[in-house]
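File shown here: input16.cif, holding mmCIF, C-alpha atoms.
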```cif
data_entry
loop_
_atom_site.group_PDB
_atom_site.id
_atom_site.type_symbol
_atom_site.label_atom_id
_atom_site.label_comp_id
_atom_site.auth_asym_id
_atom_site.auth_seq_id
_atom_site.Cartn_x
_atom_site.Cartn_y
_atom_site.Cartn_z
ATOM 1 C CA MET A 9 -5.910 -29.047 11.156
ATOM 2 C CA MET A 10 -9.339 -27.409 10.821
ATOM 3 C CA LEU A 11 -8.698 -25.522 7.586
ATOM 4 C CA PRO A 12 -8.049 -28.597 5.441
ATOM 5 C CA GLN A 13 -11.245 -30.221 6.770
ATOM 6 C CA ILE A 14 -13.346 -27.120 6.085
ATOM 7 C CA VAL A 15 -12.032 -26.686 2.567
ATOM 8 C CA HIS A 16 -12.487 -30.357 1.760
ATOM 9 C CA ALA A 17 -16.032 -30.350 3.114
ATOM 10 C CA ARG A 18 -17.121 -27.402 0.971
ATOM 11 C CA SER A 19 -15.499 -28.312 -2.335
ATOM 12 C CA ARG A 20 -14.870 -31.208 -4.652
ATOM 13 C CA TRP A 21 -11.148 -30.557 -4.460
ATOM 14 C CA PRO A 22 -9.171 -31.745 -1.425
ATOM 15 C CA PHE A 23 -7.060 -29.242 0.492
ATOM 16 C CA SER A 24 -3.845 -30.522 -1.090
ATOM 17 C CA LEU A 25 -5.037 -29.650 -4.602
ATOM 18 C CA TRP A 26 -6.287 -26.252 -3.463
ATOM 19 C CA VAL A 27 -2.847 -25.460 -2.052
ATOM 20 C CA PHE A 28 -0.689 -26.704 -4.917
ATOM 21 C CA GLY A 29 -2.992 -25.488 -7.667
ATOM 22 C CA GLY A 30 -3.765 -22.236 -5.899
ATOM 23 C CA MET A 31 -0.104 -21.473 -5.229
ATOM 24 C CA SER A 32 0.743 -22.037 -8.878
ATOM 25 C CA CYS A 33 -1.999 -19.607 -9.968
ATOM 26 C CA ALA A 34 -0.972 -17.078 -7.305
ATOM 27 C CA MET A 35 2.632 -17.140 -8.510
ATOM 28 C CA ILE A 36 1.564 -16.649 -12.123
ATOM 29 C CA PHE A 37 -0.405 -13.578 -11.038
ATOM 30 C CA ALA A 38 2.552 -12.346 -8.960
ATOM 31 C CA PHE A 39 4.821 -12.897 -11.962
ATOM 32 C CA LEU A 40 2.646 -10.618 -14.103
ATOM 33 C CA VAL A 41 2.586 -7.915 -11.425
ATOM 34 C CA THR A 42 6.344 -8.159 -10.920
ATOM 35 C CA THR A 43 6.911 -7.905 -14.659
ATOM 36 C CA ALA A 44 5.046 -4.583 -14.615
ATOM 37 C CA LEU A 45 7.170 -3.430 -11.668
ATOM 38 C CA TRP A 46 10.333 -4.432 -13.539
ATOM 39 C CA ALA A 47 9.264 -2.280 -16.486
ATOM 40 C CA SER A 48 8.468 0.762 -14.334
ATOM 41 C CA ASP A 49 11.105 0.603 -11.576
ATOM 42 C CA ILE A 50 14.610 1.617 -12.685
ATOM 43 C CA ARG A 51 16.370 0.531 -9.487
ATOM 44 C CA GLU A 52 19.073 -2.119 -9.830
ATOM 45 C CA LEU A 53 20.835 -4.571 -7.529
ATOM 46 C CA ASP A 54 24.057 -6.267 -8.650
ATOM 47 C CA GLY A 55 23.603 -4.845 -12.123
ATOM 48 C CA VAL A 56 20.071 -6.173 -12.695
ATOM 49 C CA SER A 57 16.586 -4.985 -11.761
ATOM 50 C CA VAL A 58 15.679 -5.266 -8.071
ATOM 51 C CA TRP A 59 12.678 -7.304 -9.274
ATOM 52 C CA ALA A 60 14.769 -9.899 -11.113
ATOM 53 C CA LYS A 61 14.977 -12.313 -8.182
ATOM 54 C CA PRO A 62 11.249 -12.243 -7.293
ATOM 55 C CA LEU A 63 10.438 -12.729 -10.962
ATOM 56 C CA LYS A 64 12.629 -15.832 -11.223
ATOM 57 C CA PHE A 65 11.367 -17.334 -7.980
ATOM 58 C CA GLU A 66 7.721 -16.666 -8.866
ATOM 59 C CA LEU A 67 8.089 -18.432 -12.202
ATOM 60 C CA ALA A 68 10.006 -21.344 -10.683
ATOM 61 C CA LEU A 69 7.478 -21.769 -7.872
ATOM 62 C CA ALA A 70 4.550 -21.555 -10.308
ATOM 63 C CA ILE A 71 6.061 -24.451 -12.269
ATOM 64 C CA HIS A 72 6.957 -26.410 -9.120
ATOM 65 C CA ALA A 73 3.528 -26.043 -7.492
ATOM 66 C CA GLY A 74 1.790 -26.721 -10.801
ATOM 67 C CA THR A 75 3.794 -29.923 -11.206
ATOM 68 C CA LEU A 76 2.819 -31.102 -7.734
ATOM 69 C CA ALA A 77 -0.833 -30.172 -8.339
ATOM 70 C CA PHE A 78 -0.899 -32.241 -11.530
ATOM 71 C CA VAL A 79 0.751 -35.265 -9.902
ATOM 72 C CA VAL A 80 -1.478 -35.124 -6.809
ATOM 73 C CA SER A 81 -4.541 -34.929 -9.061
ATOM 74 C CA ARG A 82 -3.598 -38.376 -10.422
ATOM 75 C CA LEU A 83 -3.518 -39.967 -6.962
ATOM 76 C CA ARG A 84 -6.531 -41.875 -5.758
ATOM 77 C CA PRO A 85 -8.951 -39.627 -3.793
ATOM 78 C CA SER A 86 -8.185 -41.203 -0.424
ATOM 79 C CA LEU A 87 -4.511 -40.276 -0.756
ATOM 80 C CA GLN A 88 -5.271 -36.778 -2.069
ATOM 81 C CA ALA A 89 -7.415 -36.039 0.964
ATOM 82 C CA GLY A 90 -5.474 -38.065 3.526
ATOM 83 C CA ARG A 91 -3.872 -36.498 6.599
ATOM 84 C CA PHE A 92 -0.364 -37.039 5.278
ATOM 85 C CA MET A 93 -1.052 -35.097 2.075
ATOM 86 C CA GLN A 94 -2.946 -32.397 3.984
ATOM 87 C CA GLY A 95 -0.009 -31.939 6.347
ATOM 88 C CA ILE A 96 2.458 -31.682 3.475
ATOM 89 C CA ALA A 97 0.230 -29.165 1.708
ATOM 90 C CA PHE A 98 -0.162 -27.034 4.839
ATOM 91 C CA ALA A 99 3.615 -26.975 5.465
ATOM 92 C CA PHE A 100 4.159 -26.157 1.788
ATOM 93 C CA LEU A 101 1.719 -23.244 1.980
ATOM 94 C CA VAL A 102 3.342 -21.727 5.073
ATOM 95 C CA ALA A 103 6.841 -22.158 3.627
ATOM 96 C CA CYS A 104 5.852 -20.513 0.326
ATOM 97 C CA VAL A 105 4.305 -17.516 2.077
ATOM 98 C CA ILE A 106 7.448 -17.015 4.165
ATOM 99 C CA GLU A 107 9.882 -17.566 1.287
ATOM 100 C CA MET A 108 8.152 -15.436 -1.322
ATOM 101 C CA GLY A 109 6.985 -12.827 1.164
ATOM 102 C CA TRP A 110 10.562 -12.099 2.253
ATOM 103 C CA ILE A 111 11.977 -12.168 -1.276
ATOM 104 C CA ILE A 112 9.357 -9.709 -2.538
ATOM 105 C CA PHE A 113 9.669 -7.469 0.524
ATOM 106 C CA GLN A 114 13.452 -7.291 0.213
ATOM 107 C CA ALA A 115 13.168 -6.500 -3.487
ATOM 108 C CA SER A 116 10.827 -3.622 -2.674
ATOM 109 C CA GLN A 117 13.499 -2.316 -0.296
ATOM 110 C CA GLY A 118 16.249 -2.731 -2.894
ATOM 111 C CA GLN A 119 18.084 -5.226 -0.681
ATOM 112 C CA HIS A 120 19.339 -8.794 -0.953
ATOM 113 C CA SER A 121 17.088 -11.530 0.397
ATOM 114 C CA HIS A 122 19.854 -14.157 0.199
ATOM 115 C CA PHE A 123 23.394 -13.999 1.631
ATOM 116 C CA ASN A 124 22.536 -10.800 3.499
ATOM 117 C CA ASP A 125 24.268 -10.610 6.868
ATOM 118 C CA SER A 126 23.957 -6.849 7.348
ATOM 119 C CA THR A 127 21.753 -7.208 10.454
ATOM 120 C CA ALA A 128 20.693 -9.898 12.912
ATOM 121 C CA LEU A 129 17.238 -9.931 11.308
ATOM 122 C CA HIS A 130 18.655 -10.566 7.853
ATOM 123 C CA ARG A 131 20.873 -13.373 9.156
ATOM 124 C CA ALA A 132 17.923 -14.954 10.951
ATOM 125 C CA MET A 133 15.666 -14.680 7.897
ATOM 126 C CA PHE A 134 18.286 -16.335 5.712
ATOM 127 C CA SER A 135 18.194 -19.336 8.060
ATOM 128 C CA VAL A 136 14.385 -19.315 8.080
ATOM 129 C CA MET A 137 14.361 -19.176 4.286
ATOM 130 C CA ALA A 138 16.688 -22.172 4.128
ATOM 131 C CA ILE A 139 14.214 -24.197 6.206
ATOM 132 C CA ALA A 140 11.307 -22.984 4.077
ATOM 133 C CA ALA A 141 13.169 -23.924 0.892
ATOM 134 C CA VAL A 142 13.762 -27.461 2.187
ATOM 135 C CA ILE A 143 10.035 -27.809 2.935
ATOM 136 C CA ILE A 144 9.036 -26.465 -0.488
ATOM 137 C CA THR A 145 11.461 -28.792 -2.268
ATOM 138 C CA GLY A 146 10.871 -31.736 0.047
ATOM 139 C CA ALA A 147 7.148 -31.641 -0.719
ATOM 140 C CA ALA A 148 8.043 -33.178 -4.083
ATOM 141 C CA ALA A 149 9.673 -36.173 -2.384
ATOM 142 C CA ALA A 150 6.594 -36.591 -0.183
ATOM 143 C CA VAL A 151 4.357 -36.571 -3.258
ATOM 144 C CA ALA A 152 6.674 -39.093 -4.964
ATOM 145 C CA PHE A 153 6.324 -41.358 -1.928
ATOM 146 C CA GLN A 154 2.536 -41.257 -2.284
ATOM 147 C CA VAL A 155 2.788 -41.982 -6.001
ATOM 148 C CA SER A 156 5.036 -44.996 -5.370
ATOM 149 C CA ARG A 157 2.510 -46.556 -2.975
ATOM 150 C CA ASP A 158 -0.577 -45.790 -5.066
ATOM 151 C CA LEU A 159 -1.537 -48.946 -6.962
ATOM 152 C CA ASP A 160 -4.362 -47.007 -8.640
ATOM 153 C CA PHE A 161 -2.257 -44.066 -9.816
ATOM 154 C CA ALA A 162 -3.846 -42.623 -12.950
ATOM 155 C CA ALA A 163 -0.903 -43.164 -15.290
ATOM 156 C CA GLY A 164 0.947 -46.067 -16.832
ATOM 157 C CA SER A 165 3.951 -47.682 -15.172
ATOM 158 C CA THR A 166 6.464 -45.862 -17.390
ATOM 159 C CA VAL A 167 5.083 -42.400 -16.589
ATOM 160 C CA LYS A 168 4.709 -43.342 -12.932
ATOM 161 C CA THR A 169 8.377 -44.373 -12.852
ATOM 162 C CA GLY A 170 9.352 -41.090 -14.527
ATOM 163 C CA ILE A 171 7.407 -39.081 -11.983
ATOM 164 C CA VAL A 172 8.944 -40.890 -9.008
ATOM 165 C CA LEU A 173 12.486 -40.654 -10.402
ATOM 166 C CA GLY A 174 12.064 -37.009 -11.387
ATOM 167 C CA LEU A 175 10.592 -35.867 -8.091
ATOM 168 C CA LEU A 176 12.950 -37.851 -5.870
ATOM 169 C CA GLY A 177 16.086 -37.177 -7.906
ATOM 170 C CA GLY A 178 15.203 -33.503 -8.264
ATOM 171 C CA THR A 179 14.583 -33.165 -4.542
ATOM 172 C CA VAL A 180 17.894 -34.720 -3.518
ATOM 173 C CA LEU A 181 20.013 -32.833 -6.056
ATOM 174 C CA THR A 182 18.244 -29.529 -5.394
ATOM 175 C CA ILE A 183 18.762 -29.736 -1.646
ATOM 176 C CA VAL A 184 22.402 -30.860 -1.982
ATOM 177 C CA THR A 185 23.319 -28.071 -4.406
ATOM 178 C CA ALA A 186 21.393 -25.502 -2.365
ATOM 179 C CA PHE A 187 23.145 -26.373 0.890
ATOM 180 C CA ILE A 188 26.577 -26.266 -0.724
ATOM 181 C CA ILE A 189 25.762 -22.845 -2.189
ATOM 182 C CA GLY A 190 24.485 -21.682 1.192
ATOM 183 C CA GLY A 191 27.515 -23.058 2.987
ATOM 184 C CA ARG A 192 29.852 -21.223 0.635
ATOM 185 C CA GLY A 193 27.950 -17.992 1.185
ATOM 186 C CA SER A 194 27.760 -17.286 -2.555
ATOM 187 C CA PRO A 195 26.796 -19.047 -5.792
ATOM 188 C CA TYR A 196 29.913 -17.691 -7.510
ATOM 189 C CA VAL A 197 33.315 -19.370 -7.598
ATOM 190 C CA GLY A 198 36.305 -17.097 -7.985
ATOM 191 C CA GLU A 199 36.313 -13.331 -8.262
ATOM 192 C CA LEU A 200 33.419 -11.736 -10.114
ATOM 193 C CA PRO A 201 34.072 -8.194 -11.394
ATOM 194 C CA PRO A 202 31.324 -5.644 -10.580
ATOM 195 C CA HIS A 203 30.186 -5.469 -14.216
ATOM 196 C CA ALA A 204 30.947 -9.042 -15.274
ATOM 197 C CA ALA A 205 28.972 -10.443 -18.204
ATOM 198 C CA ARG A 206 25.778 -12.178 -17.116
ATOM 199 C CA MET A 207 23.098 -14.150 -18.883
ATOM 200 C CA MET A 208 19.914 -12.173 -19.495
ATOM 201 C CA PHE A 209 17.113 -12.815 -16.972
ATOM 202 C CA THR A 210 18.882 -15.620 -15.051
ATOM 203 C CA GLY A 211 21.864 -13.444 -14.098
ATOM 204 C CA TRP A 212 24.205 -16.435 -14.415
ATOM 205 C CA SER A 213 27.861 -15.592 -14.844
ATOM 206 C CA LEU A 214 29.096 -15.953 -18.426
ATOM 207 C CA THR A 215 32.756 -15.828 -17.493
ATOM 208 C CA GLY A 216 33.200 -17.799 -14.254
ATOM 209 C CA GLY A 217 31.774 -20.542 -12.096
ATOM 210 C CA ASP A 218 28.112 -20.152 -11.122
ATOM 211 C CA LEU A 219 26.628 -22.923 -8.970
ATOM 212 C CA ARG A 220 23.090 -21.773 -9.713
ATOM 213 C CA VAL A 221 23.200 -23.463 -13.127
ATOM 214 C CA ALA A 222 23.425 -26.924 -11.548
ATOM 215 C CA HIS A 223 20.844 -25.919 -8.936
ATOM 216 C CA PHE A 224 18.456 -24.883 -11.722
ATOM 217 C CA LEU A 225 18.933 -28.164 -13.578
ATOM 218 C CA ALA A 226 18.440 -30.129 -10.363
ATOM 219 C CA THR A 227 15.172 -28.367 -9.623
ATOM 220 C CA HIS A 228 13.764 -28.877 -13.105
ATOM 221 C CA MET A 229 14.642 -32.545 -13.168
ATOM 222 C CA MET A 230 11.206 -32.784 -11.521
ATOM 223 C CA GLN A 231 9.595 -31.774 -14.820
ATOM 224 C CA ALA A 232 12.139 -33.057 -17.352
ATOM 225 C CA VAL A 233 12.078 -36.735 -16.405
ATOM 226 C CA PRO A 234 8.263 -37.121 -16.244
ATOM 227 C CA ILE A 235 7.947 -35.287 -19.580
ATOM 228 C CA ALA A 236 10.564 -37.598 -21.108
ATOM 229 C CA ALA A 237 8.600 -40.583 -19.794
ATOM 230 C CA ALA A 238 5.379 -39.274 -21.313
ATOM 231 C CA LEU A 239 7.109 -38.701 -24.656
ATOM 232 C CA ALA A 240 8.550 -42.223 -24.556
ATOM 233 C CA VAL A 241 5.054 -43.635 -24.117
ATOM 234 C CA ARG A 242 3.712 -41.433 -26.890
ATOM 235 C CA ALA A 243 6.505 -42.589 -29.198
ATOM 236 C CA ARG A 244 5.364 -46.172 -28.574
ATOM 237 C CA ILE A 245 8.818 -47.582 -28.037
ATOM 238 C CA GLY A 246 7.215 -50.304 -25.935
ATOM 239 C CA PHE A 247 9.686 -52.613 -24.198
ATOM 240 C CA PHE A 248 12.444 -49.978 -24.300
ATOM 241 C CA ALA A 249 10.394 -47.240 -22.582
ATOM 242 C CA PRO A 250 11.351 -48.087 -18.962
ATOM 243 C CA SER A 251 15.038 -48.331 -19.891
ATOM 244 C CA PHE A 252 14.819 -45.027 -21.730
ATOM 245 C CA VAL A 253 13.334 -43.318 -18.669
ATOM 246 C CA LEU A 254 15.975 -44.744 -16.346
ATOM 247 C CA GLY A 255 18.729 -43.722 -18.758
ATOM 248 C CA PHE A 256 17.316 -40.223 -19.196
ATOM 249 C CA ALA A 257 17.069 -39.717 -15.432
ATOM 250 C CA ALA A 258 20.652 -40.934 -14.984
ATOM 251 C CA LEU A 259 21.973 -38.657 -17.741
ATOM 252 C CA TRP A 260 20.141 -35.666 -16.292
ATOM 253 C CA ALA A 261 21.645 -36.347 -12.870
ATOM 254 C CA VAL A 262 25.105 -36.651 -14.453
ATOM 255 C CA TRP A 263 24.542 -33.326 -16.249
ATOM 256 C CA VAL A 264 23.743 -31.671 -12.916
ATOM 257 C CA LEU A 265 26.892 -33.075 -11.336
ATOM 258 C CA VAL A 266 29.078 -32.107 -14.300
ATOM 259 C CA GLU A 267 27.793 -28.535 -14.270
ATOM 260 C CA PHE A 268 28.319 -28.370 -10.521
ATOM 261 C CA SER A 269 31.866 -29.679 -10.858
ATOM 262 C CA LEU A 270 32.653 -27.159 -13.607
ATOM 263 C CA ALA A 271 31.287 -24.309 -11.509
ATOM 264 C CA LEU A 272 33.340 -25.380 -8.490
ATOM 265 C CA SER A 273 36.443 -25.242 -10.682
ATOM 266 C CA GLY A 274 35.545 -21.680 -11.698
ATOM 267 C CA GLN A 275 34.354 -22.486 -15.219
ATOM 268 C CA PRO A 276 31.082 -21.360 -16.846
ATOM 269 C CA ALA A 277 28.324 -23.789 -17.832
ATOM 270 C CA ILE A 278 28.757 -26.209 -20.748
ATOM 271 C CA PHE A 279 26.251 -24.468 -23.016
ATOM 272 C CA ILE A 280 27.960 -21.131 -22.360
ATOM 273 C CA THR A 281 31.375 -22.591 -23.194
ATOM 274 C CA LEU A 282 29.963 -24.049 -26.427
ATOM 275 C CA GLY A 283 28.524 -20.671 -27.356
ATOM 276 C CA PHE A 284 24.794 -21.383 -27.091
#
```
Turn this file's structure into structure tokens for me.
Amino acid sequence: MMLPQIVHARSRWPFSLWVFGGMSCAMIFAFLVTTALWASDIRELDGVSVWAKPLKFELALAIHAGTLAFVVSRLRPSLQAGRFMQGIAFAFLVACVIEMGWIIFQASQGQHSHFNDSTALHRAMFSVMAIAAVIITGAAAAVAFQVSRDLDFAAGSTVKTGIVLGLLGGTVLTIVTAFIIGGRGSPYVGELPPHAARMMFTGWSLTGGDLRVAHFLATHMMQAVPIAAALAVRARIGFFAPSFVLGFAALWAVWVLVEFSLALSGQPAIFITLGF
């Protein structure tokens, strides 16, 4: 592990912060470039721009890596620079390069990066991407573990609880929903006509079951619960703050499961049904 040691020796930031912060910035830059490609490239895949998937993944990864960078920055220095955190950061970096590299390359070719079994290479890369996705998502659980054992974590107990619940709950629900989607071979439930109505940008089905809605909510539980905890502290609800955070985390998890259940029964998401 020479690279982490070199980076740490030459900068005030440990390797873990360089990776998480740097990946977030890199994805923001990639998002801007991809947006320009979207505007200039008329090719489509499944009725949307070939650059739609890279764009979504770049934005999601920018938020995910930025979240981890912020949380790691609140850990005590010895944990930030420790071997455990360096190893997680290195695995995260490699997984991100593989995941995003393949998604962007396939988009440039006008081909699917996911659920593509047209060749042995595509089947193998789908399996590799699944492993990479678990590493990228699982990094959040590893960070949550460090937060839980850090007695000097730079945040109050309510926010700390929100971070741990958000990262752990988001990790578990994201991986569970992702593996069920992967096992089914498609995020859609039921027949989807070639020109079925879809939500702008996300591409979610507006008429049938789409498991990606629950997957999206699961992933962003990692931001929603910590933000709710911070708002509870800011609102100065005192004694009720911990209970509020626990309740919010539980309700978010229930929302994920309800949306997943609806999608499995072939129905669109709640907010679509209600007309939002």
The PyMOL selection byres ((chain A and resi 146) around 9) - which residues does that actually catch in the file I just gave you? List them as a tab-separated table (two decimals) with C-alpha atoms, keeping the file's coordinate frame.
```tsv
chain	number	residue	atom	x	y	z
A	100	PHE	CA	4.16	-26.16	1.79
A	141	ALA	CA	13.17	-23.92	0.89
A	142	VAL	CA	13.76	-27.46	2.19
A	143	ILE	CA	10.04	-27.81	2.94
A	144	ILE	CA	9.04	-26.46	-0.49
A	145	THR	CA	11.46	-28.79	-2.27
A	147	ALA	CA	7.15	-31.64	-0.72
A	148	ALA	CA	8.04	-33.18	-4.08
A	149	ALA	CA	9.67	-36.17	-2.38
A	150	ALA	CA	6.59	-36.59	-0.18
A	151	VAL	CA	4.36	-36.57	-3.26
A	176	LEU	CA	12.95	-37.85	-5.87
A	179	THR	CA	14.58	-33.16	-4.54
A	180	VAL	CA	17.89	-34.72	-3.52
A	183	ILE	CA	18.76	-29.74	-1.65
```
Among the residues A:Phe187, A:Phe28, A:Phe98, A:Trp21, the one that comes closest to Ala77 of chain A [using all atoms listed in the file]
A:Phe28
If we count all atoms listed in the file, what is near segment 111-119 of chain A at a cut-off of 7 Å, once residues fewer than 6 positions away on the same chain are taken out, given as a PDB file with C-alpha atoms, keeping the file's coordinate frame?
```pdb
ATOM      1  CA  LEU A  53      20.835  -4.571  -7.529  1.00  0.00           C
ATOM      2  CA  VAL A  58      15.679  -5.266  -8.071  1.00  0.00           C
ATOM      3  CA  TRP A  59      12.678  -7.304  -9.274  1.00  0.00           C
ATOM      4  CA  PRO A  62      11.249 -12.243  -7.293  1.00  0.00           C
TER       5      PRO A  62
END
```
For the file shown, what are the residues hit by the PyMOL selection byres ((chain A and resi 245-256) around 9), laid out as a PyMOL selection string?
chain A and resi 165-167+169-170+173+233-234+236-237+240-244+257-261
Expansion of the PyMOL selection byres ((chain A and resi 163) around 12) into residues, as a JSON list (two decimals) with C-alpha atoms, in the frame of the given file:
```json
[["chain", "number", "residue", "atom", "x", "y", "z"],
["A", 78, "PHE", "CA", -0.90, -32.24, -11.53],
["A", 79, "VAL", "CA", 0.75, -35.26, -9.90],
["A", 80, "VAL", "CA", -1.48, -35.12, -6.81],
["A", 81, "SER", "CA", -4.54, -34.93, -9.06],
["A", 82, "ARG", "CA", -3.60, -38.38, -10.42],
["A", 83, "LEU", "CA", -3.52, -39.97, -6.96],
["A", 84, "ARG", "CA", -6.53, -41.88, -5.76],
["A", 155, "VAL", "CA", 2.79, -41.98, -6.00],
["A", 156, "SER", "CA", 5.04, -45.00, -5.37],
["A", 158, "ASP", "CA", -0.58, -45.79, -5.07],
["A", 159, "LEU", "CA", -1.54, -48.95, -6.96],
["A", 160, "ASP", "CA", -4.36, -47.01, -8.64],
["A", 161, "PHE", "CA", -2.26, -44.07, -9.82],
["A", 162, "ALA", "CA", -3.85, -42.62, -12.95],
["A", 164, "GLY", "CA", 0.95, -46.07, -16.83],
["A", 165, "SER", "CA", 3.95, -47.68, -15.17],
["A", 166, "THR", "CA", 6.46, -45.86, -17.39],
["A", 167, "VAL", "CA", 5.08, -42.40, -16.59],
["A", 168, "LYS", "CA", 4.71, -43.34, -12.93],
["A", 169, "THR", "CA", 8.38, -44.37, -12.85],
["A", 170, "GLY", "CA", 9.35, -41.09, -14.53],
["A", 171, "ILE", "CA", 7.41, -39.08, -11.98],
["A", 172, "VAL", "CA", 8.94, -40.89, -9.01],
["A", 234, "PRO", "CA", 8.26, -37.12, -16.24],
["A", 237, "ALA", "CA", 8.60, -40.58, -19.79],
["A", 238, "ALA", "CA", 5.38, -39.27, -21.31],
["A", 241, "VAL", "CA", 5.05, -43.64, -24.12]]
```
Using only C-alpha atoms for the distances, tell me which of A:Thr185, A:Thr127, A:Gly198, A:Ile71 is nearest to Val264 of chain A.
A:Thr185
Work out how far apart atom CA of Ala68 of chain A and atom CA of Phe39 of chain A are and give it in Å to one decimal.
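Those two atoms sit 10.0 Å apart.
Minimum atom-to-atom distance to Arg220 of chain A, evaluated using all atoms listed in the file, belongs to A:Leu270 out of A:Leu40, A:Leu270, A:Leu25, A:Ile96.
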Counting only C-alpha atoms, the residue of A:Gln154, A:Thr227, A:Ser135, A:Ser57 that sits nearest Gly191 of chain A
A:Ser135
Which of these residues is nearest to Ala226 of chain A, using only C-alpha atoms: A:Ile188, A:Leu265, A:Val197, A:Ile106?
A:Leu265
Could you jot down the atom CA of Asp218 of chain A to atom CA of Ala44 of chain A separation for me, Å, one decimal place?
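Answer for the atom CA of Asp218 of chain A to atom CA of Ala44 of chain A separation: 28.0 Å.
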Neighbour list for Leu219 of chain A as a compact mmCIF listing (two decimals) with C-alpha atoms, in the frame of the given file, cut-off 8 Å, all atoms listed in the file, skip fewer than 4 positions in-chain:
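Saved result, part-v7.txt, follows:
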```txt
# COMPACT_ATOMS: atom_id res chain seq x y z
CA THR A 185 23.32 -28.07 -4.41
CA ILE A 189 25.76 -22.84 -2.19
CA PRO A 195 26.80 -19.05 -5.79
CA TYR A 196 29.91 -17.69 -7.51
CA VAL A 197 33.32 -19.37 -7.60
CA HIS A 223 20.84 -25.92 -8.94
CA GLU A 267 27.79 -28.54 -14.27
CA PHE A 268 28.32 -28.37 -10.52
CA ALA A 271 31.29 -24.31 -11.51
CA LEU A 272 33.34 -25.38 -8.49
```
In Å to one decimal, how far is atom CA of Glu107 of chain A from atom CA of Ser269 of chain A?
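Distance between the two atoms: 27.9 Å.
Residue nearest Ala103 of chain A, chosen from A:Gly29, A:Val262, A:Gly178, A:Ala140 and counting all atoms listed in the file: A:Ala140.
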Let me have the centre and edge lengths in Å, one decimal, of the box along x, y and z around every listed atom of segment 104-117 of chain A with 3 Å of margin on each side, as JSON.
```
{"center_x": 8.9, "center_y": -11.4, "center_z": 0.3, "size_x": 15.2, "size_y": 24.2, "size_z": 13.7}
```
